[in-house]
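What follows is a short report on a single structure.
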Amino acid sequence: MSTLPRRTRGALAVTIATGALLTVSTPARAAAAPPVSAAGAFLMDGTTGATLSSKAADTKRQMASTTKIMTTVVVTTQPNLDLDQRVTVKQEYLDYVVREGASSAHLKAGARPTVRQLLYALMLPSGCDAAYALADTFGTGATTKARTASFIAKMNAKAKSLGLGNTVYDSFDGISPTGNNLTTPRDLAKLTKYAMGGSTFRTLVKTTSISTGATSTSATWSNSNLLIQPRPTGYAYPGAIGVKTGTGTAAGKCLVFSVTRNGKTIIGVLLNDEERYADSMALSDWALGPAAGSKTALRRSATEPIPDVLD
């Protein structure tokens, strides 16, 4: 992993007019970023976009359900969006989840959740049924197939407009039918920085749980991101404010995370990382400095790891 440039510890000796030596100490060398087990990683300053550390930052990889960050961006940037618009849940959305063995919000056929509820269903339990409903609603065309294809085209157009030159989508939820649902750690961090500029998105990703409003067979939707979940079901990592998990056969375990402490925000991406939570906390402590409880959370990830949920 590469890090920010480091200055060597030492002293600079300069000669002044009297012939004496004036010694000016340079700052102590910054510690290197901790190593991570991710195949690809990127850490940025969430305000300036400056690179803090990286590993294979521009290598394309599958991204699993972190795809849903773009799904949400496309929906929430629709002109004249009405978050209270009702959407009828079709049986084909539910059949799709069963057929693919996908993560689900357990929506009920015939239920009429609002777009806002579907966004929570998408981003908290990582509902592929909710992703299907949103793509079918916000794509254009005479058939479900045409509308979902149209929505994926909108995802690709948005990636292009944001300058994400190494990102391509063939899926509205991360279940790639062709293997061509790809991004890089750098591109995904850039997308997330853009997304976090939207108040609706920020609210979604920092929510730990919310009532389903009887639109699901579950009473509540819980966030799959264990960084923000309270104990004992999560790590309660200090300052964590999102963002999205993802797991797939080709993609491995993925995590996009954001942490704010002491007035500074970071955004991180870990692709194909079996130790995604431990690595995210170690990187955050390195970039922001440890906070009360952060070392406890990190230690717990090693001694009492919390089982991942389907995401």
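Letters A, B, ... go to the chains of the structure tokens in the order shown; residues in each chain start at 1; ligands are counted from 1 in the same order.
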What are the closest atom pairs, with distances in Å to one decimal, for each residue of segment 122-191 of chain A lying within 7 Å of segment 263-282 of chain A, using only C-alpha atoms, rows by chain and rising residue number, as CSV?
```
residue,atom,partner,partner_atom,distance
A:Pro185,CA,A:Val269,CA,5.6
A:Leu188,CA,A:Val269,CA,7.0
A:Ala189,CA,A:Val269,CA,6.2
```
For segment 149-161 of chain A, work out the shell of residues within 8 Å, counting only C-alpha atoms and skipping chain neighbours fewer than 4 positions away, then give it as a short mmCIF file (atom, residue, chain, number, x, y, z; two decimals) with all heavy atoms, in the first residue's frame.
```cif
data_model
loop_
_atom_site.label_atom_id
_atom_site.label_comp_id
_atom_site.auth_asym_id
_atom_site.auth_seq_id
_atom_site.Cartn_x
_atom_site.Cartn_y
_atom_site.Cartn_z
N MET A 70 -24.60 3.56 -6.63
CA MET A 70 -24.99 4.22 -7.88
C MET A 70 -26.49 4.09 -8.12
O MET A 70 -27.12 5.03 -8.63
CB MET A 70 -24.22 3.65 -9.06
CG MET A 70 -24.56 4.31 -10.39
SD MET A 70 -24.26 6.11 -10.45
CE MET A 70 -22.57 6.12 -11.08
N THR A 71 -27.09 2.96 -7.77
CA THR A 71 -28.54 2.81 -7.89
C THR A 71 -29.25 3.94 -7.14
O THR A 71 -30.17 4.58 -7.66
CB THR A 71 -28.99 1.45 -7.32
OG1 THR A 71 -28.22 0.41 -7.91
CG2 THR A 71 -30.46 1.20 -7.58
N VAL A 74 -28.67 7.43 -8.87
CA VAL A 74 -29.52 7.64 -10.05
C VAL A 74 -30.94 7.99 -9.64
O VAL A 74 -31.56 8.91 -10.20
CB VAL A 74 -29.50 6.40 -10.96
CG1 VAL A 74 -30.57 6.50 -12.05
CG2 VAL A 74 -28.12 6.24 -11.60
N ALA A 135 -35.39 0.11 -10.24
CA ALA A 135 -34.96 0.12 -11.64
C ALA A 135 -36.16 0.04 -12.57
O ALA A 135 -36.21 0.73 -13.60
CB ALA A 135 -34.01 -1.05 -11.89
N ASP A 136 -37.14 -0.78 -12.21
CA ASP A 136 -38.35 -0.92 -13.02
C ASP A 136 -39.18 0.36 -13.02
O ASP A 136 -39.84 0.70 -14.01
CB ASP A 136 -39.17 -2.09 -12.46
CG ASP A 136 -40.29 -2.53 -13.38
OD1 ASP A 136 -40.22 -2.25 -14.60
OD2 ASP A 136 -41.24 -3.17 -12.89
N PHE A 138 -37.91 3.61 -12.42
CA PHE A 138 -37.22 4.80 -12.92
C PHE A 138 -36.51 4.59 -14.27
O PHE A 138 -35.91 5.51 -14.79
CB PHE A 138 -36.24 5.32 -11.87
CG PHE A 138 -36.95 5.91 -10.69
CD1 PHE A 138 -37.12 5.18 -9.52
CD2 PHE A 138 -37.49 7.19 -10.75
CE1 PHE A 138 -37.80 5.72 -8.43
CE2 PHE A 138 -38.17 7.74 -9.68
CZ PHE A 138 -38.33 7.01 -8.51
N GLY A 139 -36.63 3.38 -14.82
CA GLY A 139 -36.23 3.18 -16.20
C GLY A 139 -37.39 3.49 -17.12
O GLY A 139 -38.52 3.70 -16.67
N THR A 140 -37.14 3.55 -18.40
CA THR A 140 -38.20 3.82 -19.38
C THR A 140 -38.29 2.65 -20.36
O THR A 140 -37.30 1.98 -20.64
CB THR A 140 -37.93 5.11 -20.16
OG1 THR A 140 -36.66 5.02 -20.81
CG2 THR A 140 -37.93 6.32 -19.23
N GLY A 141 -39.51 2.44 -20.86
CA GLY A 141 -39.72 1.35 -21.81
C GLY A 141 -41.05 0.68 -21.58
O GLY A 141 -41.72 0.91 -20.57
N LYS A 145 -38.08 -5.67 -18.73
CA LYS A 145 -36.73 -5.86 -19.26
C LYS A 145 -36.19 -4.57 -19.86
O LYS A 145 -35.03 -4.19 -19.63
CB LYS A 145 -36.73 -6.97 -20.31
CG LYS A 145 -35.35 -7.28 -20.86
CD LYS A 145 -35.41 -8.44 -21.85
CE LYS A 145 -34.03 -8.76 -22.41
NZ LYS A 145 -34.07 -9.90 -23.36
N GLY A 165 -13.95 6.76 -15.20
CA GLY A 165 -13.57 6.13 -16.45
C GLY A 165 -13.32 4.64 -16.37
O GLY A 165 -13.27 3.97 -17.41
N THR A 167 -15.29 2.53 -14.52
CA THR A 167 -16.49 1.94 -13.94
C THR A 167 -17.51 1.64 -15.03
O THR A 167 -17.77 2.47 -15.90
CB THR A 167 -17.12 2.90 -12.91
OG1 THR A 167 -16.20 3.09 -11.82
CG2 THR A 167 -18.42 2.33 -12.34
N VAL A 168 -18.08 0.43 -14.97
CA VAL A 168 -19.14 0.04 -15.90
C VAL A 168 -20.12 -0.85 -15.16
O VAL A 168 -19.73 -1.64 -14.29
CB VAL A 168 -18.56 -0.68 -17.14
CG1 VAL A 168 -17.85 -1.97 -16.74
CG2 VAL A 168 -19.65 -0.96 -18.17
N TYR A 169 -21.40 -0.71 -15.49
CA TYR A 169 -22.45 -1.48 -14.83
C TYR A 169 -23.19 -2.34 -15.85
O TYR A 169 -23.49 -1.90 -16.95
CB TYR A 169 -23.47 -0.54 -14.15
CG TYR A 169 -22.87 0.34 -13.08
CD1 TYR A 169 -22.52 1.66 -13.36
CD2 TYR A 169 -22.65 -0.14 -11.80
CE1 TYR A 169 -21.97 2.48 -12.39
CE2 TYR A 169 -22.09 0.66 -10.82
CZ TYR A 169 -21.76 1.97 -11.12
OH TYR A 169 -21.21 2.76 -10.15
N ASP A 170 -23.48 -3.58 -15.45
CA ASP A 170 -24.40 -4.41 -16.22
C ASP A 170 -25.55 -4.88 -15.32
O ASP A 170 -26.28 -5.80 -15.65
CB ASP A 170 -23.68 -5.61 -16.85
CG ASP A 170 -23.21 -6.65 -15.82
OD1 ASP A 170 -23.40 -6.43 -14.60
OD2 ASP A 170 -22.65 -7.68 -16.25
N SER A 171 -25.68 -4.24 -14.16
CA SER A 171 -26.58 -4.69 -13.11
C SER A 171 -27.07 -3.51 -12.30
O SER A 171 -26.35 -2.54 -12.09
CB SER A 171 -25.81 -5.66 -12.20
OG SER A 171 -26.47 -5.89 -10.99
N PHE A 172 -28.31 -3.61 -11.82
CA PHE A 172 -28.85 -2.57 -10.95
C PHE A 172 -28.60 -2.86 -9.47
O PHE A 172 -28.91 -2.03 -8.62
CB PHE A 172 -30.36 -2.38 -11.19
CG PHE A 172 -31.16 -3.66 -11.19
CD1 PHE A 172 -31.41 -4.35 -10.01
CD2 PHE A 172 -31.64 -4.19 -12.37
CE1 PHE A 172 -32.13 -5.53 -9.99
CE2 PHE A 172 -32.38 -5.37 -12.38
CZ PHE A 172 -32.63 -6.04 -11.19
N LEU A 191 -17.18 8.28 -6.41
CA LEU A 191 -18.65 8.21 -6.47
C LEU A 191 -19.24 8.45 -5.09
O LEU A 191 -20.22 9.19 -4.93
CB LEU A 191 -19.08 6.84 -6.99
CG LEU A 191 -20.58 6.54 -6.90
CD1 LEU A 191 -21.40 7.52 -7.72
CD2 LEU A 191 -20.87 5.09 -7.34
#
```
- Enumerate the residues of segment 182-237 of chain A with a DSSP assignment of helix (DSSP H, G or I), computed from the backbone, and present them as a list in words.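 Secondary structure check on segment 182-237 of chain A, helix (DSSP H, G or I): Pro185, Arg186, Asp187, Leu188, Ala189, Lys190, Leu191, Thr192, Lys193, Tyr194, Ala195, Ser199, Thr200, Phe201, Arg202, Thr203, Leu204, Val205 and Lys206 of chain A.
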- Task: Record the distance separating atom CA of Val36 of chain A and atom CA of Lys55 of chain A, expressed in Å with one decimal.
- Result: 8.7 Å
- Secondary structure check, strand (DSSP E) residues of segment 20-233 of chain A, as number ranges by chain: A: 21-25, 40-45, 51-55, 61-62, 182-183, 209-211, 220-222
- Query: Which residue out of A:Leu310, A:Pro230, A:His106, A:Ala291 has the minimum interatomic distance to Thr212 of chain A when only C-alpha atoms are used?
  - Reply: A:His106
Could you produce a table of the residues of segment 113-220 of chain A lying within 7 Å of segment 63-67 of chain A, with the nearest pair of atoms per residue and their separation in Å rounded to one decimal, using only C-alpha atoms, ordered by chain and increasing residue number, as a Markdown table?
```
| residue | atom | partner | partner_atom | distance |
| --- | --- | --- | --- | --- |
| A:Asp173 | CA | A:Thr67 | CA | 5.7 |
| A:Gly174 | CA | A:Ala64 | CA | 4.4 |
| A:Ile175 | CA | A:Ala64 | CA | 6.5 |
| A:Leu182 | CA | A:Met63 | CA | 6.2 |
| A:Thr183 | CA | A:Met63 | CA | 6.5 |
```
- Item | Gln91 of chain A surroundings by only C-alpha atoms, 12 Å radius, close-in-sequence under 6 positions cut, as a list of chain:residue names |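 Listing them by chain and then by number gives A:Val97, A:Val98, A:His106, A:Leu107, A:Lys108, A:Ala109, A:Gly110, A:Ala111, A:Asp129, A:Ala130, A:Tyr132, A:Ala133.
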Residues of segment 23-118 of chain A at most 12 Å from segment 237-255 of chain A: nearest atom pair and distance in Å, only C-alpha atoms, as JSON lines:
```
{"residue": "A:Ser37", "atom": "CA", "partner": "A:Lys253", "partner_atom": "CA", "distance": 10.9}
{"residue": "A:Ala38", "atom": "CA", "partner": "A:Cys254", "partner_atom": "CA", "distance": 8.5}
{"residue": "A:Ala39", "atom": "CA", "partner": "A:Gly252", "partner_atom": "CA", "distance": 9.4}
{"residue": "A:Gly40", "atom": "CA", "partner": "A:Cys254", "partner_atom": "CA", "distance": 9.6}
{"residue": "A:Ala41", "atom": "CA", "partner": "A:Leu255", "partner_atom": "CA", "distance": 9.7}
{"residue": "A:Phe42", "atom": "CA", "partner": "A:Leu255", "partner_atom": "CA", "distance": 10.9}
{"residue": "A:Leu43", "atom": "CA", "partner": "A:Leu255", "partner_atom": "CA", "distance": 11.8}
{"residue": "A:Gly46", "atom": "CA", "partner": "A:Ile241", "partner_atom": "CA", "distance": 11.8}
{"residue": "A:Lys60", "atom": "CA", "partner": "A:Ala251", "partner_atom": "CA", "distance": 10.7}
{"residue": "A:Arg61", "atom": "CA", "partner": "A:Ala251", "partner_atom": "CA", "distance": 6.9}
{"residue": "A:Gln62", "atom": "CA", "partner": "A:Ala251", "partner_atom": "CA", "distance": 4.8}
{"residue": "A:Met63", "atom": "CA", "partner": "A:Ala251", "partner_atom": "CA", "distance": 5.6}
{"residue": "A:Ala64", "atom": "CA", "partner": "A:Gly246", "partner_atom": "CA", "distance": 5.0}
{"residue": "A:Ser65", "atom": "CA", "partner": "A:Gly246", "partner_atom": "CA", "distance": 4.2}
{"residue": "A:Thr66", "atom": "CA", "partner": "A:Gly246", "partner_atom": "CA", "distance": 5.3}
{"residue": "A:Thr67", "atom": "CA", "partner": "A:Gly246", "partner_atom": "CA", "distance": 8.2}
{"residue": "A:Lys68", "atom": "CA", "partner": "A:Lys244", "partner_atom": "CA", "distance": 8.0}
{"residue": "A:Ile69", "atom": "CA", "partner": "A:Lys244", "partner_atom": "CA", "distance": 7.3}
{"residue": "A:Met70", "atom": "CA", "partner": "A:Lys244", "partner_atom": "CA", "distance": 11.0}
{"residue": "A:Thr71", "atom": "CA", "partner": "A:Lys244", "partner_atom": "CA", "distance": 11.9}
{"residue": "A:Thr72", "atom": "CA", "partner": "A:Lys244", "partner_atom": "CA", "distance": 11.2}
{"residue": "A:Glu100", "atom": "CA", "partner": "A:Gly248", "partner_atom": "CA", "distance": 11.4}
{"residue": "A:Gly101", "atom": "CA", "partner": "A:Gly248", "partner_atom": "CA", "distance": 10.9}
{"residue": "A:Ala102", "atom": "CA", "partner": "A:Gly248", "partner_atom": "CA", "distance": 9.6}
{"residue": "A:Ser103", "atom": "CA", "partner": "A:Thr247", "partner_atom": "CA", "distance": 9.6}
```
Could you take the residues named above and write them with N, CA and C atoms, as a PDB file, in the first residue's frame?
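Now in again38.pdb:
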```pdb
ATOM      1  N   SER A  37      -5.714  -6.511   3.936  1.00  0.00           N
ATOM      2  CA  SER A  37      -5.778  -7.765   3.185  1.00  0.00           C
ATOM      3  C   SER A  37      -6.599  -7.636   1.910  1.00  0.00           C
ATOM      4  N   ALA A  38      -7.170  -6.458   1.666  1.00  0.00           N
ATOM      5  CA  ALA A  38      -7.983  -6.227   0.470  1.00  0.00           C
ATOM      6  C   ALA A  38      -7.147  -6.387  -0.796  1.00  0.00           C
ATOM      7  N   ALA A  39      -7.796  -6.888  -1.852  1.00  0.00           N
ATOM      8  CA  ALA A  39      -7.133  -6.928  -3.157  1.00  0.00           C
ATOM      9  C   ALA A  39      -6.970  -5.515  -3.699  1.00  0.00           C
ATOM     10  N   GLY A  40      -7.929  -4.648  -3.399  1.00  0.00           N
ATOM     11  CA  GLY A  40      -7.861  -3.253  -3.811  1.00  0.00           C
ATOM     12  C   GLY A  40      -8.399  -2.362  -2.720  1.00  0.00           C
ATOM     13  N   ALA A  41      -7.749  -1.216  -2.499  1.00  0.00           N
ATOM     14  CA  ALA A  41      -8.169  -0.315  -1.424  1.00  0.00           C
ATOM     15  C   ALA A  41      -7.861   1.128  -1.782  1.00  0.00           C
ATOM     16  N   PHE A  42      -8.654   2.018  -1.184  1.00  0.00           N
ATOM     17  CA  PHE A  42      -8.421   3.452  -1.396  1.00  0.00           C
ATOM     18  C   PHE A  42      -8.992   4.198  -0.200  1.00  0.00           C
ATOM     19  N   LEU A  43      -8.226   5.182   0.284  1.00  0.00           N
ATOM     20  CA  LEU A  43      -8.676   6.019   1.388  1.00  0.00           C
ATOM     21  C   LEU A  43      -8.467   7.466   0.992  1.00  0.00           C
ATOM     22  N   GLY A  46     -12.476  13.040   2.865  1.00  0.00           N
ATOM     23  CA  GLY A  46     -13.845  13.187   2.401  1.00  0.00           C
ATOM     24  C   GLY A  46     -14.237  14.596   2.046  1.00  0.00           C
ATOM     25  N   LYS A  60      -9.512  -2.741 -12.073  1.00  0.00           N
ATOM     26  CA  LYS A  60     -10.950  -2.998 -12.116  1.00  0.00           C
ATOM     27  C   LYS A  60     -11.296  -4.309 -11.421  1.00  0.00           C
ATOM     28  N   ARG A  61     -12.354  -4.249 -10.618  1.00  0.00           N
ATOM     29  CA  ARG A  61     -12.827  -5.441  -9.915  1.00  0.00           C
ATOM     30  C   ARG A  61     -14.351  -5.399  -9.827  1.00  0.00           C
ATOM     31  N   GLN A  62     -14.945  -6.566  -9.634  1.00  0.00           N
ATOM     32  CA  GLN A  62     -16.375  -6.597  -9.353  1.00  0.00           C
ATOM     33  C   GLN A  62     -16.624  -5.982  -7.981  1.00  0.00           C
ATOM     34  N   MET A  63     -17.814  -5.391  -7.834  1.00  0.00           N
ATOM     35  CA  MET A  63     -18.090  -4.600  -6.638  1.00  0.00           C
ATOM     36  C   MET A  63     -19.274  -5.084  -5.811  1.00  0.00           C
ATOM     37  N   ALA A  64     -19.945  -6.164  -6.252  1.00  0.00           N
ATOM     38  CA  ALA A  64     -21.087  -6.711  -5.517  1.00  0.00           C
ATOM     39  C   ALA A  64     -22.125  -5.611  -5.210  1.00  0.00           C
ATOM     40  N   SER A  65     -22.684  -5.634  -4.004  1.00  0.00           N
ATOM     41  CA  SER A  65     -23.786  -4.719  -3.684  1.00  0.00           C
ATOM     42  C   SER A  65     -23.368  -3.282  -3.425  1.00  0.00           C
ATOM     43  N   THR A  66     -22.068  -2.983  -3.459  1.00  0.00           N
ATOM     44  CA  THR A  66     -21.695  -1.568  -3.425  1.00  0.00           C
ATOM     45  C   THR A  66     -22.185  -0.875  -4.696  1.00  0.00           C
ATOM     46  N   THR A  67     -22.588  -1.669  -5.696  1.00  0.00           N
ATOM     47  CA  THR A  67     -23.286  -1.157  -6.883  1.00  0.00           C
ATOM     48  C   THR A  67     -24.466  -0.278  -6.486  1.00  0.00           C
ATOM     49  N   LYS A  68     -25.102  -0.621  -5.375  1.00  0.00           N
ATOM     50  CA  LYS A  68     -26.338   0.056  -4.974  1.00  0.00           C
ATOM     51  C   LYS A  68     -26.105   1.514  -4.576  1.00  0.00           C
ATOM     52  N   ILE A  69     -24.847   1.893  -4.392  1.00  0.00           N
ATOM     53  CA  ILE A  69     -24.558   3.322  -4.206  1.00  0.00           C
ATOM     54  C   ILE A  69     -24.976   4.083  -5.460  1.00  0.00           C
ATOM     55  N   MET A  70     -24.604   3.556  -6.626  1.00  0.00           N
ATOM     56  CA  MET A  70     -24.991   4.217  -7.876  1.00  0.00           C
ATOM     57  C   MET A  70     -26.491   4.091  -8.121  1.00  0.00           C
ATOM     58  N   THR A  71     -27.090   2.962  -7.765  1.00  0.00           N
ATOM     59  CA  THR A  71     -28.541   2.814  -7.885  1.00  0.00           C
ATOM     60  C   THR A  71     -29.246   3.941  -7.139  1.00  0.00           C
ATOM     61  N   THR A  72     -28.789   4.199  -5.937  1.00  0.00           N
ATOM     62  CA  THR A  72     -29.386   5.259  -5.117  1.00  0.00           C
ATOM     63  C   THR A  72     -29.118   6.638  -5.713  1.00  0.00           C
ATOM     64  N   GLU A 100     -31.857 -15.965  -7.522  1.00  0.00           N
ATOM     65  CA  GLU A 100     -30.453 -15.576  -7.447  1.00  0.00           C
ATOM     66  C   GLU A 100     -29.820 -15.841  -6.078  1.00  0.00           C
ATOM     67  N   GLY A 101     -30.632 -16.223  -5.093  1.00  0.00           N
ATOM     68  CA  GLY A 101     -30.108 -16.389  -3.738  1.00  0.00           C
ATOM     69  C   GLY A 101     -29.561 -15.087  -3.188  1.00  0.00           C
ATOM     70  N   ALA A 102     -30.264 -13.999  -3.505  1.00  0.00           N
ATOM     71  CA  ALA A 102     -29.753 -12.653  -3.236  1.00  0.00           C
ATOM     72  C   ALA A 102     -30.215 -12.115  -1.886  1.00  0.00           C
ATOM     73  N   SER A 103     -29.518 -11.088  -1.420  1.00  0.00           N
ATOM     74  CA  SER A 103     -29.947 -10.390  -0.207  1.00  0.00           C
ATOM     75  C   SER A 103     -31.296  -9.725  -0.479  1.00  0.00           C
TER      76      SER A 103
END
```
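Picture a line from atom CA of Phe257 of chain A to atom CA of Leu283 of chain A; it runs 10.5 Å.
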- Query: Using only C-alpha atoms, which of the listed residues (A:Pro35, A:Pro79, A:Gly234, A:Gly197) sits closest to Val309 of chain A?
  - Reply: A:Gly234
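Counting from atom CA of Ser216 of chain A, the distance to atom CA of Val89 of chain A is 10.1 Å.
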- Nearest to Val75 of chain A among A:Ser218, A:Ser284, A:Thr200, A:Asn181, with distances taken over only C-alpha atoms: which residue is it?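 Going through A:Ser218, A:Ser284, A:Thr200, A:Asn181 one by one, the smallest distance to Val75 of chain A is for A:Thr200.
Considering only C-alpha atoms, the residue among A:Gly49, A:Pro290, A:Pro113, A:Pro125 positioned nearest to Lys90 of chain A is A:Pro113.
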- Query: Of the residues A:Val73, A:Leu118, A:Ala302, A:Val259, which is the one nearest to Ala287 of chain A, using only C-alpha atoms?
  - Reply: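 Among the listed residues, A:Val259 lies closest to Ala287 of chain A.
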- Message: Under the rule that only C-alpha atoms are counted, which of A:Thr47, A:Ser53, A:Thr178, A:Thr207 is the nearest residue to Thr192 of chain A?
- Response: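 Closest candidate: A:Thr47.
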